[in-house]
Each structure stands twice: as C-alpha cells, then as structure tokens.
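Chemist: Structure provided below as structure tokens; questions to follow.
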Amino acid sequence: QAPPSTPRFRSSGLGASAAMAPKIYTMLISQPARAVSWACTYEGTVVEEVQIMPGKDTQTEEYRAQNPIGAVPRLVEEDGFVLNESHAIMCYLGDKFKWKLYPEDAKVRARIHQYMNWHHSNTRRITIALFAPVMRPDMPLPKEMCDAYRKEITGSRGILSTIERFLSSSTWLCGERPTIADLSCYCEIGQCLDKYTGLFGIHGIDLSAYPKLQQWLGECEKLDGYEKSHALLTKMAPGIKSKASKLAAKL
C-alpha cells in the first residue's frame, strides 16, 4: 500500500544535498521542534525543515492521514516512514546516524530514556503552565491545572529541584557529556529566562536557588546549533514577554 502523500507547506530547503534528506515538519517556537532542530545541527545531520503552523496545519485531514498525532515535530522519510514525538525522532536519528548525543552505551541510553520518560509529566509542565497560556490560545487549558503546574515548578521536591539533583552528580543530565536529554530539557527551561520571554521572572520564580541548573544552562548555550535553533525565539521574545506580562497582571 502506498504511503499517504506528503503535505505541502513552506519549506526551508537545504538545496540539492537535501534531496534524499528526511523532512522535518516543524515550527521552531515549539520546544520539542526546537530540540530536534538543535540536535540535527549539532550532529551535522542534513534534514529539510518544513515550516508549518501548530494547531492549524497540523489538524488538517491531509496531515493527520500520515500519522494520528497532529503535532510538530514530525519526521517523514523518502520511503514514507512517518514518525512523531521529538524524543522518538531524536532516538531514531541518533541510532541511524550514530549521534554523539545518543551514545550506544546501554547505561547512558537508559539514563536518557529515564529522563525522557520523566520529562513528559514534569519538565514539560513548565511550558504548559507558563508558555502555552500566552502562545497557544487554541489550547484551552483549565486555570486550575495551570495553577497547580506552576506550584510544581519550585519547592524542595519541585521540577527545578529535581533537575538540580540530577546535575549534582554529573555535569550533564545523563553523565559527563551532553545528550539529547539536555537539549530537550533546555528548550523547556531556557525559553523562560529573562533573555527570552522572562516567564520565570514574571511568575516570581528565582533561579538563584539552583546554582547547578544555572551553570548547566550556560553550558548548554555553548553547544553547536544553539543559536540557530533559538533564532526564531529570539526574534519573537519581546512580543511574548509583553503579552505574558499583561496576561500575568490579570491573574
């Protein structure tokens, strides 16, 4: 059976060298999409990034016919193989292209998978609580849920404290070298810094209580691909910060 046709959206094609490259349907204001883009740049993996609009293009019948998960990022191979979810995409590309960010050592991979499984119900809630109410009005999130998630960010057993503990025993989340876990985590936390959206400051979250985390953030920003993957966020940050400040004043 022939695979579903590939949807046509605006592409940031990489030229002839990308003719056989996987397509990544993306929007780099999305944290998971940003992590995939960063990892590909870091590793020198050639992909064709196709820019689409989450919540709009991702909900078309054409897009959902490829894969029931109507979201970005999405990988599409030339043979019709389709894969959603940033962590799955990075693990797949890491296996395929022997990424340094996804080392073959079984114990390191186990720690990467441990973090990624924890990420979905923890670090990801930073975005749901702080970023999504500002930038995703198409996702009506219950106020009570966002309030509860905000409370989970800080505190002795909160999300940031847990990450601080991860970093107390190693330089990076999963050992002494960066992995895809670090990129995924940074994309949820780094966007809230004052240099971008200022969401931590707007909501009274002080990172001075997390020195290991602060040091780690700085180290992440030295990795290849960081600036490229964060260019759109940098461009949009002033508008997001202004909108977030007005929204927070109404809380």
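We label chains A, B, ... in the order they appear in the structure tokens, count residues from 1 in each chain, and number ligands from 1 in the order shown.
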Taking a cut-off of 9 Å and counting only C-alpha atoms, can you build a table that, for each residue of region 186-232 of chain A near region 37-58 of chain A, reports the nearest atom pair and how far apart they are in Å (one decimal), sorted by chain then residue number, as CSV?

Modeler:
residue,atom,partner,partner_atom,distance
A:Leu223,CA,A:Tyr42,CA,7.3
A:Asp224,CA,A:Tyr42,CA,4.9
A:Gly225,CA,A:Trp38,CA,5.0
A:Tyr226,CA,A:Trp38,CA,6.0
A:Glu227,CA,A:Trp38,CA,8.6
A:Lys228,CA,A:Trp38,CA,7.4
A:Ser229,CA,A:Trp38,CA,5.2
A:His230,CA,A:Trp38,CA,8.4

Chemist: Would you pick out the contacts of Pro211 (chain A) at 12 Å or less, using only C-alpha atoms, so that residues sharing its chain but fewer than 2 positions from it are not included, and give the list as a list in words?

Modeler: Leu160, Ser161, Ile163, Glu164, Arg165, Leu167, Ser168, Asp206, Leu207, Ser208, Ala209, Leu213, Gln214, Gln215, Trp216, Leu217 and Gly218 of chain A

Chemist: For all heavy atoms, I'd like the residues from the last selection saved as a CSV table (one decimal), in the first residue's frame.

Modeler:
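New file result.csv:
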chain,number,residue,atom,x,y,z
A,160,LEU,N,12.3,22.0,39.2
A,160,LEU,CA,13.7,22.6,39.2
A,160,LEU,C,14.6,21.9,40.2
A,160,LEU,O,15.8,21.7,39.9
A,160,LEU,CB,13.6,24.1,39.3
A,160,LEU,CG,12.8,24.8,38.3
A,160,LEU,CD1,12.8,26.3,38.5
A,160,LEU,CD2,13.4,24.5,36.9
A,161,SER,N,14.1,21.6,41.4
A,161,SER,CA,14.9,21.0,42.4
A,161,SER,C,15.3,19.6,42.0
A,161,SER,O,16.5,19.2,42.2
A,161,SER,CB,14.1,20.9,43.7
A,161,SER,OG,13.9,22.1,44.3
A,163,ILE,N,15.8,18.6,38.9
A,163,ILE,CA,16.8,18.8,37.9
A,163,ILE,C,18.1,19.2,38.5
A,163,ILE,O,19.2,18.7,38.1
A,163,ILE,CB,16.4,19.8,36.8
A,163,ILE,CG1,15.2,19.2,36.0
A,163,ILE,CG2,17.5,20.1,35.8
A,163,ILE,CD1,14.5,20.2,35.1
A,164,GLU,N,18.1,20.0,39.5
A,164,GLU,CA,19.3,20.4,40.3
A,164,GLU,C,19.9,19.1,40.9
A,164,GLU,O,21.2,19.0,40.9
A,164,GLU,CB,18.9,21.4,41.4
A,164,GLU,CG,20.0,21.9,42.3
A,164,GLU,CD,20.9,23.0,41.6
A,164,GLU,OE1,20.5,23.4,40.5
A,164,GLU,OE2,21.9,23.4,42.2
A,165,ARG,N,19.1,18.2,41.4
A,165,ARG,CA,19.7,17.0,41.9
A,165,ARG,C,20.3,16.1,40.8
A,165,ARG,O,21.4,15.5,41.1
A,165,ARG,CB,18.6,16.2,42.7
A,165,ARG,CG,18.1,16.8,44.0
A,165,ARG,CD,17.0,16.1,44.6
A,165,ARG,NE,16.5,16.7,45.8
A,165,ARG,CZ,17.0,16.3,47.0
A,165,ARG,NH1,17.9,15.3,47.1
A,165,ARG,NH2,16.5,16.8,48.1
A,167,LEU,N,21.8,17.2,38.3
A,167,LEU,CA,23.1,17.8,38.0
A,167,LEU,C,24.1,17.9,39.1
A,167,LEU,O,25.2,18.3,38.9
A,167,LEU,CB,22.8,19.3,37.5
A,167,LEU,CG,22.0,19.4,36.2
A,167,LEU,CD1,21.5,20.8,35.9
A,167,LEU,CD2,22.8,18.8,35.0
A,168,SER,N,23.7,17.4,40.3
A,168,SER,CA,24.6,17.4,41.4
A,168,SER,C,25.6,16.3,41.4
A,168,SER,O,26.6,16.3,42.0
A,168,SER,CB,23.8,17.4,42.7
A,168,SER,OG,23.2,16.1,42.9
A,206,ASP,N,12.7,32.4,41.1
A,206,ASP,CA,14.0,32.8,41.2
A,206,ASP,C,15.0,31.6,41.0
A,206,ASP,O,15.0,30.7,41.8
A,206,ASP,CB,14.2,33.4,42.6
A,206,ASP,CG,15.6,34.0,42.8
A,206,ASP,OD1,16.4,33.9,41.9
A,206,ASP,OD2,15.9,34.5,43.9
A,207,LEU,N,15.8,31.7,40.0
A,207,LEU,CA,16.7,30.5,39.7
A,207,LEU,C,18.0,30.6,40.6
A,207,LEU,O,18.8,29.6,40.5
A,207,LEU,CB,17.2,30.5,38.3
A,207,LEU,CG,16.1,30.2,37.2
A,207,LEU,CD1,16.7,30.1,35.8
A,207,LEU,CD2,15.3,29.0,37.6
A,208,SER,N,18.2,31.6,41.4
A,208,SER,CA,19.4,31.6,42.3
A,208,SER,C,19.4,30.5,43.3
A,208,SER,O,20.5,30.1,43.8
A,208,SER,CB,19.5,32.9,43.0
A,208,SER,OG,18.4,33.1,44.0
A,209,ALA,N,18.3,29.8,43.5
A,209,ALA,CA,18.3,28.7,44.4
A,209,ALA,C,18.8,27.4,43.7
A,209,ALA,O,18.9,26.4,44.4
A,209,ALA,CB,16.9,28.4,44.9
A,213,LEU,N,21.9,24.2,38.1
A,213,LEU,CA,21.0,24.4,37.0
A,213,LEU,C,21.4,25.6,36.2
A,213,LEU,O,21.5,25.6,34.9
A,213,LEU,CB,19.5,24.6,37.4
A,213,LEU,CG,18.5,25.0,36.4
A,213,LEU,CD1,18.4,23.9,35.3
A,213,LEU,CD2,17.2,25.2,37.0
A,214,GLN,N,21.8,26.7,36.9
A,214,GLN,CA,22.2,27.9,36.2
A,214,GLN,C,23.5,27.7,35.4
A,214,GLN,O,23.6,28.1,34.3
A,214,GLN,CB,22.4,29.0,37.2
A,214,GLN,CG,21.1,29.6,37.8
A,214,GLN,CD,21.4,30.8,38.7
A,214,GLN,OE1,22.0,30.7,39.7
A,214,GLN,NE2,20.9,32.0,38.3
A,215,GLN,N,24.4,26.9,36.0
A,215,GLN,CA,25.7,26.6,35.4
A,215,GLN,C,25.4,25.8,34.1
A,215,GLN,O,26.0,26.0,33.1
A,215,GLN,CB,26.6,25.9,36.3
A,215,GLN,CG,28.0,25.6,35.7
A,215,GLN,CD,28.9,24.8,36.7
A,215,GLN,OE1,28.5,24.7,37.9
A,215,GLN,NE2,30.1,24.4,36.3
A,216,TRP,N,24.5,24.8,34.3
A,216,TRP,CA,24.2,23.9,33.2
A,216,TRP,C,23.6,24.7,32.0
A,216,TRP,O,23.9,24.4,30.8
A,216,TRP,CB,23.3,22.8,33.7
A,216,TRP,CG,22.6,22.0,32.7
A,216,TRP,CD1,23.1,20.9,32.0
A,216,TRP,CD2,21.3,22.1,32.2
A,216,TRP,NE1,22.2,20.3,31.2
A,216,TRP,CE2,21.1,21.1,31.2
A,216,TRP,CE3,20.2,23.0,32.4
A,216,TRP,CZ2,19.9,20.9,30.5
A,216,TRP,CZ3,19.0,22.9,31.8
A,216,TRP,CH2,18.9,21.8,30.8
A,217,LEU,N,22.7,25.6,32.3
A,217,LEU,CA,22.1,26.4,31.3
A,217,LEU,C,23.1,27.1,30.4
A,217,LEU,O,23.1,27.2,29.2
A,217,LEU,CB,21.1,27.5,31.9
A,217,LEU,CG,19.8,26.9,32.5
A,217,LEU,CD1,19.1,28.0,33.3
A,217,LEU,CD2,18.9,26.4,31.4
A,218,GLY,N,24.1,27.7,31.1
A,218,GLY,CA,25.2,28.4,30.4
A,218,GLY,C,26.0,27.4,29.5
A,218,GLY,O,26.4,27.8,28.4

Chemist: Which neighbours of region 91-105 of chain A fall inside 7 Å, counting only C-alpha atoms, when residues of the same chain fewer than 5 positions from it are skipped, and could you give them as a ChimeraX atom specification?

Modeler: /A:43,178-180

Chemist: Please save N, CA, C and O atoms of the selected residues as a compact mmCIF listing (two decimals), in the first residue's frame.

Modeler:
# COMPACT_ATOMS: atom_id res chain seq x y z
N GLU A 43 24.81 17.71 15.29
CA GLU A 43 25.39 16.49 14.74
C GLU A 43 25.75 16.62 13.25
O GLU A 43 26.38 15.71 12.69
N PRO A 178 27.11 15.94 26.99
CA PRO A 178 25.72 16.30 26.66
C PRO A 178 25.04 15.22 25.84
O PRO A 178 25.69 14.50 25.07
N THR A 179 23.74 15.11 26.02
CA THR A 179 22.93 14.17 25.24
C THR A 179 21.65 14.87 24.79
O THR A 179 21.39 16.02 25.14
N ILE A 180 20.86 14.14 24.04
CA ILE A 180 19.58 14.69 23.59
C ILE A 180 18.68 15.04 24.77
O ILE A 180 17.80 15.90 24.64

Chemist: Determine which residues of region 104-186 of chain A DSSP labels as alpha helix (DSSP H) from the backbone of this structure, then write them out as JSON, numbers by chain.

Modeler: {"A": [106, 107, 108, 109, 110, 111, 112, 113, 114, 115, 116, 117, 118, 119, 120, 124, 125, 126, 132, 133, 134, 135, 143, 144, 145, 146, 147, 148, 149, 150, 151, 152, 153, 159, 160, 161, 162, 163, 164, 165, 166, 167, 168, 180, 181, 182, 183, 184, 185, 186]}

Chemist: Select, from A:Met135, A:Leu233, A:Ile112, A:Cys174, the residue with the minimum atom-to-atom distance to Leu193 (chain A), counting only C-alpha atoms.

Modeler: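 Checking each of A:Met135, A:Leu233, A:Ile112, A:Cys174 against Leu193 (chain A), counting only C-alpha atoms, the winner is A:Leu233.
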
Chemist: Of the residues A:Ser156, A:Pro238, A:Gly175, A:Ser245, which is the one nearest to Gly201 (chain A), using only C-alpha atoms?

Modeler: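 Selected residue with least distance to Gly201 (chain A): A:Ser245.
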
Chemist: Taking into account only C-alpha atoms, which residue in the set A:Ala71, A:Ala65, A:Met27, A:Cys192 is nearest to Leu130 (chain A)?

Modeler: A:Cys192

Chemist: List every residue of region 34-79 of chain A that DSSP, applied to the backbone of this structure, assigns to strand (DSSP E), and report them as JSON, numbers by chain.

Modeler: {"A": [48, 49, 50, 51, 74, 75, 76]}

Chemist: Go ahead and write the residues just picked, N, CA and C atoms, as a short mmCIF file (atom, residue, chain, number, x, y, z; two decimals), in the first residue's frame.

Modeler:
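In the end it all went to result-v2.cif:
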data_model
loop_
_atom_site.label_atom_id
_atom_site.label_comp_id
_atom_site.auth_asym_id
_atom_site.auth_seq_id
_atom_site.Cartn_x
_atom_site.Cartn_y
_atom_site.Cartn_z
N GLU A 48 15.50 18.46 5.83
CA GLU A 48 14.76 19.55 5.22
C GLU A 48 13.67 19.98 6.19
N GLU A 49 13.80 21.16 6.76
CA GLU A 49 12.81 21.66 7.70
C GLU A 49 11.67 22.33 6.95
N VAL A 50 10.47 21.83 7.16
CA VAL A 50 9.27 22.36 6.52
C VAL A 50 8.47 23.08 7.60
N GLN A 51 8.36 24.40 7.46
CA GLN A 51 7.71 25.22 8.49
C GLN A 51 6.19 25.16 8.35
N ARG A 74 7.47 16.44 13.18
CA ARG A 74 7.19 15.18 12.51
C ARG A 74 8.30 14.91 11.51
N LEU A 75 8.77 13.69 11.50
CA LEU A 75 9.77 13.26 10.53
C LEU A 75 9.10 12.43 9.45
N VAL A 76 9.46 12.70 8.19
CA VAL A 76 8.96 11.90 7.07
C VAL A 76 10.16 11.51 6.21
#
